[in-house]
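S.K.: As input, take my_file_21.csv (CSV, C-alpha atoms and all ligand atoms):
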chain,number,residue,atom,x,y,z
I,1,MET,CA,7.3,101.1,15.8
I,2,ALA,CA,9.2,102.2,12.7
I,3,GLU,CA,9.9,99.5,10.1
I,4,VAL,CA,13.6,98.4,9.9
I,5,ALA,CA,14.9,98.6,6.4
I,6,LEU,CA,18.5,97.7,7.0
I,7,GLU,CA,20.1,96.0,10.0
I,8,VAL,CA,23.9,95.6,9.9
I,9,ARG,CA,25.7,93.6,12.6
I,10,ASN,CA,29.4,93.5,13.2
I,11,LEU,CA,30.3,93.6,9.5
I,12,VAL,CA,34.0,92.9,8.8
I,13,LYS,CA,35.8,92.7,5.5
I,14,ARG,CA,39.5,91.9,5.4
I,15,PHE,CA,41.6,91.8,2.2
I,16,GLY,CA,44.6,89.7,3.3
I,17,SER,CA,45.9,91.3,6.5
I,18,PHE,CA,44.2,94.6,5.7
I,19,THR,CA,40.9,95.4,7.3
I,20,ALA,CA,38.8,97.5,5.0
I,21,VAL,CA,35.6,97.4,7.1
I,22,ASN,CA,36.1,96.9,10.8
I,23,ASP,CA,33.1,95.7,12.9
I,24,VAL,CA,30.5,98.0,11.5
I,25,SER,CA,27.0,97.9,13.0
I,26,PHE,CA,24.0,100.2,12.4
I,27,THR,CA,20.2,100.2,11.8
I,28,VAL,CA,18.3,102.2,9.2
I,29,GLU,CA,14.5,102.7,9.3
I,30,ARG,CA,12.3,102.7,6.3
I,31,GLY,CA,12.1,106.1,4.5
I,32,GLU,CA,15.3,107.4,6.1
I,33,VAL,CA,18.0,109.2,4.2
I,34,VAL,CA,21.3,108.0,5.7
I,35,GLY,CA,24.6,109.4,4.6
I,36,TYR,CA,28.0,107.8,4.9
I,37,LEU,CA,30.8,110.3,5.1
I,38,GLY,CA,34.4,109.4,5.0
I,39,PRO,CA,37.7,110.0,3.1
I,40,ASN,CA,39.1,108.0,0.3
I,41,GLY,CA,39.7,104.4,1.3
I,42,SER,CA,37.7,104.5,4.5
I,43,GLY,CA,35.5,101.5,3.5
I,44,LYS,CA,32.3,103.1,2.2
I,45,THR,CA,32.1,101.2,-1.1
I,46,THR,CA,33.3,98.0,0.5
I,47,THR,CA,30.4,98.3,3.0
I,48,ILE,CA,27.8,98.9,0.3
I,49,ARG,CA,29.1,96.0,-1.9
I,50,MET,CA,28.7,93.6,1.0
I,51,LEU,CA,25.2,94.9,1.8
I,52,LEU,CA,24.3,94.2,-1.9
I,53,GLY,CA,25.6,90.7,-1.7
I,54,LEU,CA,28.3,91.5,-4.3
I,55,LEU,CA,31.2,90.9,-1.8
I,56,GLN,CA,31.3,88.2,0.8
I,57,PRO,CA,31.8,89.6,4.3
I,58,THR,CA,34.7,88.1,6.3
I,59,SER,CA,32.3,88.1,9.2
I,60,GLY,CA,29.1,89.7,10.5
I,61,SER,CA,25.7,89.9,8.9
I,62,ALA,CA,23.1,92.2,7.5
I,63,VAL,CA,19.4,91.9,7.0
I,64,ILE,CA,17.7,94.0,4.3
I,65,LEU,CA,13.9,94.3,4.5
I,66,GLY,CA,13.8,91.1,6.4
I,67,HIS,CA,16.1,89.2,4.0
I,68,ASP,CA,19.5,88.0,5.1
I,69,ILE,CA,22.2,89.1,2.6
I,70,GLY,CA,24.1,85.8,3.2
I,71,LYS,CA,21.1,83.5,2.8
I,72,ASP,CA,19.2,85.5,0.2
I,73,PRO,CA,21.6,87.5,-2.0
I,74,GLU,CA,19.5,87.1,-5.1
I,75,TRP,CA,16.4,88.7,-3.4
I,76,VAL,CA,18.6,91.6,-2.2
I,77,ARG,CA,20.1,92.3,-5.6
I,78,ARG,CA,16.6,92.4,-7.2
I,79,ASN,CA,15.1,94.6,-4.5
I,80,ALA,CA,17.9,97.1,-3.9
I,81,GLY,CA,18.8,99.9,-6.3
I,82,TYR,CA,22.5,100.5,-6.7
I,83,MET,CA,24.2,103.5,-8.4
I,84,SER,CA,27.8,102.4,-8.2
I,85,GLN,CA,30.7,104.8,-8.0
I,86,LYS,CA,31.9,103.6,-11.4
I,87,PHE,CA,28.6,103.0,-13.1
I,88,ALA,CA,28.5,101.6,-16.6
I,89,LEU,CA,26.3,103.0,-19.2
I,90,TYR,CA,26.0,101.6,-22.7
I,91,GLU,CA,27.6,104.5,-24.6
I,92,ASP,CA,26.1,103.6,-28.0
I,93,LEU,CA,22.6,103.3,-26.6
I,94,THR,CA,20.3,106.3,-26.1
I,95,VAL,CA,19.1,107.4,-22.7
I,96,ALA,CA,15.7,105.6,-23.1
I,97,GLU,CA,17.4,102.5,-24.5
I,98,ASN,CA,19.7,102.3,-21.5
I,99,LEU,CA,16.8,102.5,-19.2
I,100,ARG,CA,14.9,99.8,-21.2
I,101,PHE,CA,17.9,97.6,-21.2
I,102,TYR,CA,18.6,97.7,-17.5
I,103,GLY,CA,14.8,97.5,-16.8
I,104,GLY,CA,14.9,94.2,-18.7
I,105,VAL,CA,17.9,93.0,-16.7
I,106,TYR,CA,16.1,93.7,-13.5
I,107,GLY,CA,13.2,91.6,-14.7
I,108,ILE,CA,10.5,94.3,-15.3
I,109,PRO,CA,7.8,92.7,-17.5
I,110,ARG,CA,7.8,93.9,-21.1
I,111,GLY,CA,4.3,95.4,-20.8
I,112,ARG,CA,5.5,97.6,-17.9
I,113,LEU,CA,8.8,98.6,-19.2
I,114,GLY,CA,7.5,101.6,-21.2
I,115,VAL,CA,5.7,103.0,-18.2
I,116,ARG,CA,8.7,102.7,-16.0
I,117,VAL,CA,11.1,104.2,-18.5
I,118,ASP,CA,8.7,107.2,-18.9
I,119,ALA,CA,8.4,107.6,-15.2
I,120,MET,CA,12.2,107.6,-14.7
I,121,LEU,CA,12.7,110.2,-17.6
I,122,ASP,CA,10.4,112.5,-15.6
I,123,LEU,CA,11.7,111.7,-12.2
I,124,VAL,CA,15.3,112.7,-12.9
I,125,GLY,CA,14.3,115.4,-15.5
I,126,ILE,CA,16.1,113.8,-18.4
I,127,ARG,CA,13.2,113.6,-20.9
I,128,GLY,CA,14.7,116.3,-23.1
I,129,HIS,CA,17.7,114.0,-23.7
I,130,ARG,CA,15.8,110.7,-24.1
I,131,ASP,CA,17.1,110.1,-27.7
I,132,GLU,CA,20.6,111.2,-27.1
I,133,ARG,CA,23.4,108.6,-27.0
I,134,ALA,CA,24.7,108.1,-23.4
I,135,GLY,CA,28.2,108.5,-24.8
I,136,SER,CA,27.5,112.2,-25.7
I,137,LEU,CA,25.8,113.2,-22.4
I,138,ALA,CA,27.5,115.8,-20.2
I,139,GLY,CA,28.6,114.7,-16.7
I,140,GLY,CA,25.6,115.8,-14.7
I,141,TRP,CA,23.2,114.1,-17.2
I,142,ARG,CA,25.2,110.9,-17.1
I,143,GLN,CA,24.8,110.9,-13.3
I,144,ARG,CA,21.1,111.4,-13.6
I,145,LEU,CA,20.7,108.6,-16.1
I,146,ALA,CA,22.7,106.3,-13.8
I,147,MET,CA,20.4,107.2,-10.9
I,148,ALA,CA,17.4,106.6,-13.1
I,149,ILE,CA,18.8,103.2,-14.0
I,150,ALA,CA,19.2,102.4,-10.3
I,151,LEU,CA,15.5,103.2,-9.7
I,152,VAL,CA,13.9,101.7,-12.8
I,153,HIS,CA,12.7,98.6,-11.0
I,154,GLU,CA,11.2,100.6,-8.1
I,155,PRO,CA,13.5,99.3,-5.4
I,156,PRO,CA,12.4,100.0,-1.8
I,157,LEU,CA,16.0,100.5,-0.8
I,158,LEU,CA,18.5,102.6,-2.8
I,159,PHE,CA,22.3,102.7,-2.4
I,160,LEU,CA,24.0,105.7,-4.0
I,161,ASP,CA,27.8,105.6,-4.0
I,162,GLU,CA,29.0,109.2,-4.4
I,163,PRO,CA,26.2,110.0,-6.9
I,164,THR,CA,27.2,113.6,-7.2
I,165,SER,CA,31.0,113.4,-7.5
I,166,GLY,CA,32.2,115.9,-10.1
I,167,VAL,CA,28.7,117.4,-10.4
I,168,ASP,CA,28.3,121.2,-10.0
I,169,PRO,CA,26.5,122.5,-6.9
I,170,GLU,CA,23.3,123.3,-8.8
I,171,ALA,CA,23.0,119.9,-10.2
I,172,ARG,CA,23.8,118.5,-6.8
I,173,ARG,CA,20.8,120.3,-5.4
I,174,ALA,CA,18.6,118.8,-8.1
I,175,PHE,CA,19.8,115.3,-7.1
I,176,TRP,CA,18.9,116.0,-3.5
I,177,ASP,CA,15.4,117.1,-4.4
I,178,ILE,CA,15.0,113.7,-6.1
I,179,ILE,CA,16.4,111.9,-3.0
I,180,TYR,CA,13.9,113.7,-0.7
I,181,ALA,CA,11.0,113.0,-3.1
I,182,LEU,CA,11.9,109.3,-3.0
I,183,ALA,CA,12.2,109.2,0.8
I,184,ASP,CA,8.8,111.0,1.1
I,185,GLU,CA,7.3,108.1,-0.8
I,186,GLY,CA,8.9,105.6,1.6
I,187,THR,CA,12.1,104.7,-0.3
I,188,THR,CA,15.1,104.2,2.0
I,189,VAL,CA,18.2,105.9,0.8
I,190,PHE,CA,21.8,105.1,1.8
I,191,VAL,CA,24.2,107.6,0.2
I,192,THR,CA,28.0,108.0,0.4
I,193,THR,CA,29.6,111.4,0.0
I,194,HIS,CA,32.7,113.4,0.3
I,195,TYR,CA,30.9,116.7,0.4
I,196,MET,CA,30.2,118.3,3.7
I,197,ASP,CA,27.3,120.4,2.4
I,198,GLU,CA,25.7,117.3,1.1
I,199,ALA,CA,26.2,115.4,4.3
I,200,GLU,CA,24.2,118.2,6.0
I,201,HIS,CA,21.2,117.1,4.0
I,202,CYS,CA,21.0,113.6,5.4
I,203,GLY,CA,18.6,112.7,8.1
I,204,ARG,CA,21.4,110.8,9.8
I,205,LEU,CA,25.0,110.6,9.0
I,206,GLY,CA,27.5,107.8,9.5
I,207,VAL,CA,31.1,109.0,9.9
I,208,MET,CA,33.7,106.5,8.6
I,209,SER,CA,37.4,106.5,9.1
I,210,ARG,CA,39.8,103.6,8.3
I,211,GLY,CA,37.1,101.0,8.2
I,212,ARG,CA,35.4,102.0,11.4
I,213,LEU,CA,32.0,103.7,11.8
I,214,LEU,CA,32.9,106.3,14.4
I,215,ALA,CA,29.4,107.7,14.9
I,216,MET,CA,25.9,107.7,13.3
I,217,ASP,CA,23.4,110.4,14.2
I,218,SER,CA,21.7,113.5,12.8
I,219,PRO,CA,24.1,116.2,11.6
I,220,THR,CA,22.6,118.5,14.3
I,221,ARG,CA,23.3,116.1,17.1
I,222,LEU,CA,26.7,115.2,15.8
I,223,LYS,CA,27.7,118.9,15.8
I,224,ALA,CA,26.2,119.6,19.2
I,225,ALA,CA,28.4,116.8,20.6
I,226,VAL,CA,31.6,118.6,19.5
I,227,PRO,CA,33.3,119.8,22.8
I,228,GLY,CA,34.3,123.4,23.2
I,229,ASP,CA,33.1,126.8,22.0
I,230,PRO,CA,33.1,127.5,18.2
I,231,TRP,CA,33.8,131.0,16.8
I,232,ASN,CA,34.0,132.5,13.4
I,233,ILE,CA,36.4,135.3,12.7
I,234,GLU,CA,36.1,137.8,9.9
I,235,VAL,CA,39.5,138.3,8.3
I,236,GLY,CA,40.2,142.0,7.9
I,237,GLU,CA,41.1,143.4,4.5
I,238,GLY,CA,44.7,142.8,3.5
I,239,ALA,CA,45.1,140.4,6.5
I,240,SER,CA,46.3,136.8,5.9
I,241,PRO,CA,44.0,134.1,7.1
I,242,VAL,CA,47.0,131.7,7.2
I,243,VAL,CA,48.9,134.0,9.6
I,244,LEU,CA,45.7,134.4,11.7
I,245,ILE,CA,45.3,130.7,12.0
I,246,GLU,CA,48.9,130.2,13.1
I,247,ARG,CA,48.6,132.9,15.7
I,248,LEU,CA,45.3,131.4,17.0
I,249,GLU,CA,46.8,127.9,17.2
I,250,ALA,CA,49.5,129.3,19.5
I,251,ILE,CA,46.9,130.8,22.0
I,252,GLU,CA,46.2,128.7,25.1
I,253,GLY,CA,42.7,127.3,25.1
I,254,VAL,CA,42.4,127.1,21.3
I,255,THR,CA,41.8,123.5,20.3
I,256,HIS,CA,41.3,124.0,16.6
I,257,ALA,CA,41.7,126.8,13.9
I,258,GLY,CA,41.0,126.5,10.2
I,259,LEU,CA,39.5,128.2,7.2
I,260,LEU,CA,35.7,128.2,6.7
I,261,GLY,CA,34.8,129.9,3.4
I,262,ASP,CA,36.3,133.4,3.7
I,263,ARG,CA,36.4,133.3,7.5
I,264,VAL,CA,38.5,131.6,10.1
I,265,HIS,CA,36.8,129.0,12.3
I,266,VAL,CA,38.1,128.4,15.8
I,267,ILE,CA,37.2,126.1,18.6
I,268,THR,CA,38.2,127.0,22.1
I,269,ALA,CA,38.0,124.9,25.3
I,270,SER,CA,34.6,125.3,27.0
I,271,GLY,CA,34.4,128.6,28.7
I,272,ALA,CA,38.1,129.4,28.0
I,273,HIS,CA,37.6,132.5,25.9
I,274,THR,CA,35.3,135.4,25.0
I,275,PRO,CA,35.6,137.5,21.8
I,276,ALA,CA,37.4,140.1,23.9
I,277,SER,CA,39.9,137.6,25.4
I,278,LEU,CA,40.7,136.1,22.0
I,279,ALA,CA,41.1,139.6,20.5
I,280,SER,CA,43.4,140.5,23.3
I,281,ALA,CA,45.5,137.3,23.0
I,282,LEU,CA,45.8,138.0,19.3
I,283,ASP,CA,46.8,141.6,19.9
I,284,GLY,CA,49.6,140.3,22.2
I,285,SER,CA,51.0,138.3,19.3
I,286,GLY,CA,50.9,141.3,17.0
I,287,THR,CA,47.6,140.6,15.1
I,288,ARG,CA,44.9,143.2,15.5
I,289,VAL,CA,41.4,141.8,15.2
I,290,PRO,CA,38.5,143.8,16.7
I,291,SER,CA,36.4,141.6,19.1
I,292,SER,CA,33.4,142.7,17.0
I,293,ALA,CA,34.9,140.5,14.2
I,294,ILE,CA,34.7,137.4,16.4
I,295,GLU,CA,31.3,135.8,16.5
I,296,ALA,CA,30.0,132.8,18.4
I,297,ALA,CA,29.3,130.1,15.8
I,298,GLU,CA,28.2,126.5,15.4
I,299,ALA,CA,30.5,123.5,15.1
I,300,THR,CA,30.8,122.2,11.5
I,301,LEU,CA,30.8,118.6,10.2
I,302,GLU,CA,34.5,119.1,9.5
I,303,ASP,CA,34.8,119.7,13.3
I,304,VAL,CA,32.8,116.6,14.0
I,305,PHE,CA,35.2,114.6,11.8
I,306,THR,CA,38.3,116.1,13.3
I,307,VAL,CA,37.1,115.4,16.9
I,308,LEU,CA,36.0,111.9,16.1
I,309,THR,CA,39.3,111.0,14.4
I,310,GLY,CA,41.5,112.8,16.8
I,311,GLY,CA,42.7,115.3,14.3
I,312,GLN,CA,42.6,113.6,10.9
I,313,PRO,CA,41.3,115.9,8.1
I,314,ALA,CA,38.1,114.8,6.4
I,315,THR,CA,39.6,114.8,2.9
I,316,THR,CA,42.3,112.2,3.2
I,317,ASN,CA,42.8,108.9,5.0
I,318,GLY,CA,46.5,108.9,5.5
I,319,GLU,CA,48.2,105.6,4.8
I,320,ALA,CA,44.9,103.8,4.5
I,321,ALA,CA,44.2,105.5,1.1
I,322,ALA,CA,45.1,103.4,-1.9
E,401,LIG,N1,39.4,94.0,-3.8
E,401,LIG,C1,40.2,94.6,-2.9
E,401,LIG,N2,41.4,94.1,-2.6
E,401,LIG,C2,42.3,94.7,-1.7
E,401,LIG,N3,42.0,95.9,-1.2
E,401,LIG,C3,40.8,96.5,-1.4
E,401,LIG,C4,39.9,95.9,-2.3
E,401,LIG,N4,38.8,96.7,-2.4
E,401,LIG,C5,39.0,97.7,-1.6
E,401,LIG,N5,40.2,97.6,-1.0
E,401,LIG,C6,40.8,98.5,-0.1
E,401,LIG,O1,39.9,98.7,1.0
E,401,LIG,C7,40.0,100.1,1.4
E,401,LIG,C8,38.6,100.6,1.4
E,401,LIG,O2,38.2,100.8,0.1
E,401,LIG,P1,36.7,101.4,-0.3
E,401,LIG,O3,36.7,101.4,-1.8
E,401,LIG,O4,35.7,100.7,0.4
E,401,LIG,O5,36.9,102.9,0.2
E,401,LIG,P2,35.9,104.1,0.0
E,401,LIG,O6,35.6,104.7,1.3
E,401,LIG,O7,34.8,103.7,-0.9
E,401,LIG,O8,36.9,105.2,-0.8
E,401,LIG,P3,36.5,106.2,-1.9
E,401,LIG,O9,36.0,107.4,-1.2
E,401,LIG,O10,37.8,106.5,-2.6
E,401,LIG,O11,35.5,105.6,-2.8
E,401,LIG,C9,40.9,100.8,0.5
E,401,LIG,O12,42.2,100.9,1.2
E,401,LIG,C10,41.0,99.9,-0.7
E,401,LIG,O13,42.3,100.0,-1.3
E,402,MG,MG,34.1,104.4,-2.7
So, in terms of structure tokens, how does the structure I just supplied come out?
Ligand SMILES: Nc1ncnc2c1ncn2[C@@H]1O[C@H](COP(=O)(O)OP(=O)(O)OP(=O)(O)O)[C@@H](O)[C@H]1O
Ligand SMILES: [Mg+2]

M.R.:
Amino acid sequence: MAEVALEVRNLVKRFGSFTAVNDVSFTVERGEVVGYLGPNGSGKTTTIRMLLGLLQPTSGSAVILGHDIGKDPEWVRRNAGYMSQKFALYEDLTVAENLRFYGGVYGIPRGRLGVRVDAMLDLVGIRGHRDERAGSLAGGWRQRLAMAIALVHEPPLLFLDEPTSGVDPEARRAFWDIIYALADEGTTVFVTTHYMDEAEHCGRLGVMSRGRLLAMDSPTRLKAAVPGDPWNIEVGEGASPVVLIERLEAIEGVTHAGLLGDRVHVITASGAHTPASLASALDGSGTRVPSSAIEAAEATLEDVFTVLTGGQPATTNGEAAA
């Protein structure tokens, strides 16, 4: 049987009368890469801070690698890596000095510090910047250094809170290569994100909204569970996707229509439409789209979010946002 890295049971955090994390339960196995997707204010950081023993849960419990966060917070802090959303670097220290400093804080013996710093410089590919002051590093390199710091003490469990926010897509891919390499070696990774493309990379994905964990499963299974038939429509030259979406939304049997890149993504009730029937319904409303421009598609994670939340977009959390 697979080894359990993280077991979370009915975790609740209330701030006054506001419930930031509402009865969250899940289990993560060793070596899994689990994503946590949710809009601003949905409770992602609050969950992580409780799991790290940095914030006292209102109720509920969690066990990390056999250690209860309530009974053994010190063990948890020493054995988990944490790249926080607002990580702090010592701006006047160089890359290597930051790593040495944090390595010392984590209790790495002096004799081993050099080896670990070296290994981290290579792991995140920042060796070329080792003597640069952290304060002068560009965004993507700062994130890499922060990740290296979270890993310097070889934690078996790593929490990454939006590690790639503000990082360009190429640098994001490099981050994910590192995450996979760590997972291959048995590190368990729990990572929050706002990016749908990134969420696709996770072995399993938890979907958070307003403090609740609505689902946790592989991206493929989450998408397969979206009810209805998804289609992508090529928008003709000179045509307005906005108008097309409006017209689609007015057609019976259409449950959702929105932009997906340069195409329009539509979901229709199961069996309600074919490309020909959609094209004909559009034609009736004065929009000519050839049925050859309408292709059967896959549901997206955006669809998953919309269905699970009953229509809430993935990017905001309504009144729950700060
Ligand atoms: N110390 C606190 N006191 C009061 N409210 C708080 C506190 N910490 C967080 N909250 C509230 O709890 C909710 C969840 O916050 P949290 O930071 O966990 O969200 P998040 O999902 O990490 O959001 P983001 O994507 O913006 O990082 C928010 O509405 C936030 O304002
Ligand atoms: Mg957060």

S.K.: Which residue, I:Val115, I:Leu65, I:Met208, I:Val12, has the smallest gap to ligand LIG 401 (chain E) when you use all atoms listed in the file?

M.R.: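 For ligand LIG 401 (chain E), the nearest of the given residues is I:Met208.
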
S.K.: Please determine, counting all atoms listed in the file, which residue among I:Asn232, I:Thr19, I:Thr45, I:Gln85 has the shortest atom-to-atom distance to Gly211 of chain I.

M.R.: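 Comparing I:Asn232, I:Thr19, I:Thr45, I:Gln85 against Gly211 of chain I, the winner is I:Thr19.
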
S.K.: Restricting the calculation to only C-alpha atoms: of I:Gly186, I:Gly41, I:Pro156, I:Pro275, which residue gets closest to Arg77 of chain I?

M.R.: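 Ranked by minimum distance to Arg77 of chain I, first place goes to I:Pro156.
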
S.K.: Would you name the residues within 12 Å of ligand LIG 401 (chain E), counting all atoms listed in the file, and put them as a PDB file with C-alpha atoms, in the coordinates of the input?

M.R.:
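Full text of pocket08.pdb as output:
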ATOM      1  CA  VAL I  12      34.000  92.900   8.800  1.00  0.00           C
ATOM      2  CA  LYS I  13      35.800  92.700   5.500  1.00  0.00           C
ATOM      3  CA  ARG I  14      39.500  91.900   5.400  1.00  0.00           C
ATOM      4  CA  PHE I  15      41.600  91.800   2.200  1.00  0.00           C
ATOM      5  CA  GLY I  16      44.600  89.700   3.300  1.00  0.00           C
ATOM      6  CA  SER I  17      45.900  91.300   6.500  1.00  0.00           C
ATOM      7  CA  PHE I  18      44.200  94.600   5.700  1.00  0.00           C
ATOM      8  CA  THR I  19      40.900  95.400   7.300  1.00  0.00           C
ATOM      9  CA  ALA I  20      38.800  97.500   5.000  1.00  0.00           C
ATOM     10  CA  VAL I  21      35.600  97.400   7.100  1.00  0.00           C
ATOM     11  CA  ASN I  22      36.100  96.900  10.800  1.00  0.00           C
ATOM     12  CA  TYR I  36      28.000 107.800   4.900  1.00  0.00           C
ATOM     13  CA  LEU I  37      30.800 110.300   5.100  1.00  0.00           C
ATOM     14  CA  GLY I  38      34.400 109.400   5.000  1.00  0.00           C
ATOM     15  CA  PRO I  39      37.700 110.000   3.100  1.00  0.00           C
ATOM     16  CA  ASN I  40      39.100 108.000   0.300  1.00  0.00           C
ATOM     17  CA  GLY I  41      39.700 104.400   1.300  1.00  0.00           C
ATOM     18  CA  SER I  42      37.700 104.500   4.500  1.00  0.00           C
ATOM     19  CA  GLY I  43      35.500 101.500   3.500  1.00  0.00           C
ATOM     20  CA  LYS I  44      32.300 103.100   2.200  1.00  0.00           C
ATOM     21  CA  THR I  45      32.100 101.200  -1.100  1.00  0.00           C
ATOM     22  CA  THR I  46      33.300  98.000   0.500  1.00  0.00           C
ATOM     23  CA  THR I  47      30.400  98.300   3.000  1.00  0.00           C
ATOM     24  CA  ILE I  48      27.800  98.900   0.300  1.00  0.00           C
ATOM     25  CA  ARG I  49      29.100  96.000  -1.900  1.00  0.00           C
ATOM     26  CA  MET I  50      28.700  93.600   1.000  1.00  0.00           C
ATOM     27  CA  LEU I  54      28.300  91.500  -4.300  1.00  0.00           C
ATOM     28  CA  LEU I  55      31.200  90.900  -1.800  1.00  0.00           C
ATOM     29  CA  GLN I  56      31.300  88.200   0.800  1.00  0.00           C
ATOM     30  CA  PRO I  57      31.800  89.600   4.300  1.00  0.00           C
ATOM     31  CA  SER I  84      27.800 102.400  -8.200  1.00  0.00           C
ATOM     32  CA  GLN I  85      30.700 104.800  -8.000  1.00  0.00           C
ATOM     33  CA  LYS I  86      31.900 103.600 -11.400  1.00  0.00           C
ATOM     34  CA  LEU I 160      24.000 105.700  -4.000  1.00  0.00           C
ATOM     35  CA  ASP I 161      27.800 105.600  -4.000  1.00  0.00           C
ATOM     36  CA  GLU I 162      29.000 109.200  -4.400  1.00  0.00           C
ATOM     37  CA  PRO I 163      26.200 110.000  -6.900  1.00  0.00           C
ATOM     38  CA  SER I 165      31.000 113.400  -7.500  1.00  0.00           C
ATOM     39  CA  VAL I 191      24.200 107.600   0.200  1.00  0.00           C
ATOM     40  CA  THR I 192      28.000 108.000   0.400  1.00  0.00           C
ATOM     41  CA  THR I 193      29.600 111.400   0.000  1.00  0.00           C
ATOM     42  CA  HIS I 194      32.700 113.400   0.300  1.00  0.00           C
ATOM     43  CA  TYR I 195      30.900 116.700   0.400  1.00  0.00           C
ATOM     44  CA  GLY I 206      27.500 107.800   9.500  1.00  0.00           C
ATOM     45  CA  VAL I 207      31.100 109.000   9.900  1.00  0.00           C
ATOM     46  CA  MET I 208      33.700 106.500   8.600  1.00  0.00           C
ATOM     47  CA  SER I 209      37.400 106.500   9.100  1.00  0.00           C
ATOM     48  CA  ARG I 210      39.800 103.600   8.300  1.00  0.00           C
ATOM     49  CA  GLY I 211      37.100 101.000   8.200  1.00  0.00           C
ATOM     50  CA  ARG I 212      35.400 102.000  11.400  1.00  0.00           C
ATOM     51  CA  LEU I 213      32.000 103.700  11.800  1.00  0.00           C
ATOM     52  CA  ALA I 314      38.100 114.800   6.400  1.00  0.00           C
ATOM     53  CA  THR I 315      39.600 114.800   2.900  1.00  0.00           C
ATOM     54  CA  THR I 316      42.300 112.200   3.200  1.00  0.00           C
ATOM     55  CA  ASN I 317      42.800 108.900   5.000  1.00  0.00           C
ATOM     56  CA  GLY I 318      46.500 108.900   5.500  1.00  0.00           C
ATOM     57  CA  GLU I 319      48.200 105.600   4.800  1.00  0.00           C
ATOM     58  CA  ALA I 320      44.900 103.800   4.500  1.00  0.00           C
ATOM     59  CA  ALA I 321      44.200 105.500   1.100  1.00  0.00           C
ATOM     60  CA  ALA I 322      45.100 103.400  -1.900  1.00  0.00           C
TER      61      ALA I 322
END

S.K.: Which one of I:Thr287, I:Thr187, I:Thr220, I:Ser270 sits closest to Ala299 of chain I if you count only C-alpha atoms?

M.R.: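 The answer is I:Thr220, which sits nearest to Ala299 of chain I.
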
S.K.: Between I:Ala171, I:Met147, I:Ala183, I:Val33, which is the closest to His201 of chain I once you count only C-alpha atoms?

M.R.: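 Comparing I:Ala171, I:Met147, I:Ala183, I:Val33 against His201 of chain I, the winner is I:Val33.
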
S.K.: Please list as a list in words every residue within 9 Å of Ile64 of chain I, counting only C-alpha atoms and excluding residues in the same chain fewer than 2 positions away.

M.R.: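 The neighbour list is Val4, Ala5, Leu6, Glu7, Val8, Leu51, Ala62, Gly66, His67, Asp68, Ile69, Val76, Ala80 and Leu157 of chain I.
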
S.K.: Go ahead and write the residues just picked, C-alpha atoms, as an mmCIF file, keeping the file's coordinate frame.

M.R.:
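selection-v4.cif was written with the following content:
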data_model
loop_
_atom_site.group_PDB
_atom_site.id
_atom_site.type_symbol
_atom_site.label_atom_id
_atom_site.label_comp_id
_atom_site.auth_asym_id
_atom_site.auth_seq_id
_atom_site.Cartn_x
_atom_site.Cartn_y
_atom_site.Cartn_z
ATOM 1 C CA VAL I 4 13.600 98.400 9.900
ATOM 2 C CA ALA I 5 14.900 98.600 6.400
ATOM 3 C CA LEU I 6 18.500 97.700 7.000
ATOM 4 C CA GLU I 7 20.100 96.000 10.000
ATOM 5 C CA VAL I 8 23.900 95.600 9.900
ATOM 6 C CA LEU I 51 25.200 94.900 1.800
ATOM 7 C CA ALA I 62 23.100 92.200 7.500
ATOM 8 C CA GLY I 66 13.800 91.100 6.400
ATOM 9 C CA HIS I 67 16.100 89.200 4.000
ATOM 10 C CA ASP I 68 19.500 88.000 5.100
ATOM 11 C CA ILE I 69 22.200 89.100 2.600
ATOM 12 C CA VAL I 76 18.600 91.600 -2.200
ATOM 13 C CA ALA I 80 17.900 97.100 -3.900
ATOM 14 C CA LEU I 157 16.000 100.500 -0.800
#

S.K.: May I ask for the distance between atom CA of Ser136 of chain I and atom CA of His153 of chain I, given in Å to one decimal place?

M.R.: 24.9 Å

S.K.: Go through I:Arg110, I:Phe159, I:Leu260, I:Arg221 one by one, measure the shortest atom-to-atom distance of each to ligand MG 402 (chain E) using all atoms listed in the file, and give the residue with the smallest value.

M.R.: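 The shortest atom-to-atom distance to ligand MG 402 (chain E) comes from I:Phe159.
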
S.K.: Please determine the residues with any atom at most 10 Å from (39.9, 125.2, 30.7) (coordinates as given in the file, with only C-alpha atoms counting) and report them as a list of chain:residue names.

M.R.: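 Collected hits near the coordinates: I:Gly228, I:Glu252, I:Gly253, I:Val254, I:Thr268, I:Ala269, I:Ser270, I:Gly271, I:Ala272, I:His273.
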
S.K.: Once you have the residues from the selection above, write them out as a short mmCIF file (atom, residue, chain, number, x, y, z; two decimals), in the coordinates of the input, restricted to C-alpha atoms.

M.R.:
data_model
loop_
_atom_site.label_atom_id
_atom_site.label_comp_id
_atom_site.auth_asym_id
_atom_site.auth_seq_id
_atom_site.Cartn_x
_atom_site.Cartn_y
_atom_site.Cartn_z
CA GLY I 228 34.30 123.40 23.20
CA GLU I 252 46.20 128.70 25.10
CA GLY I 253 42.70 127.30 25.10
CA VAL I 254 42.40 127.10 21.30
CA THR I 268 38.20 127.00 22.10
CA ALA I 269 38.00 124.90 25.30
CA SER I 270 34.60 125.30 27.00
CA GLY I 271 34.40 128.60 28.70
CA ALA I 272 38.10 129.40 28.00
CA HIS I 273 37.60 132.50 25.90
#
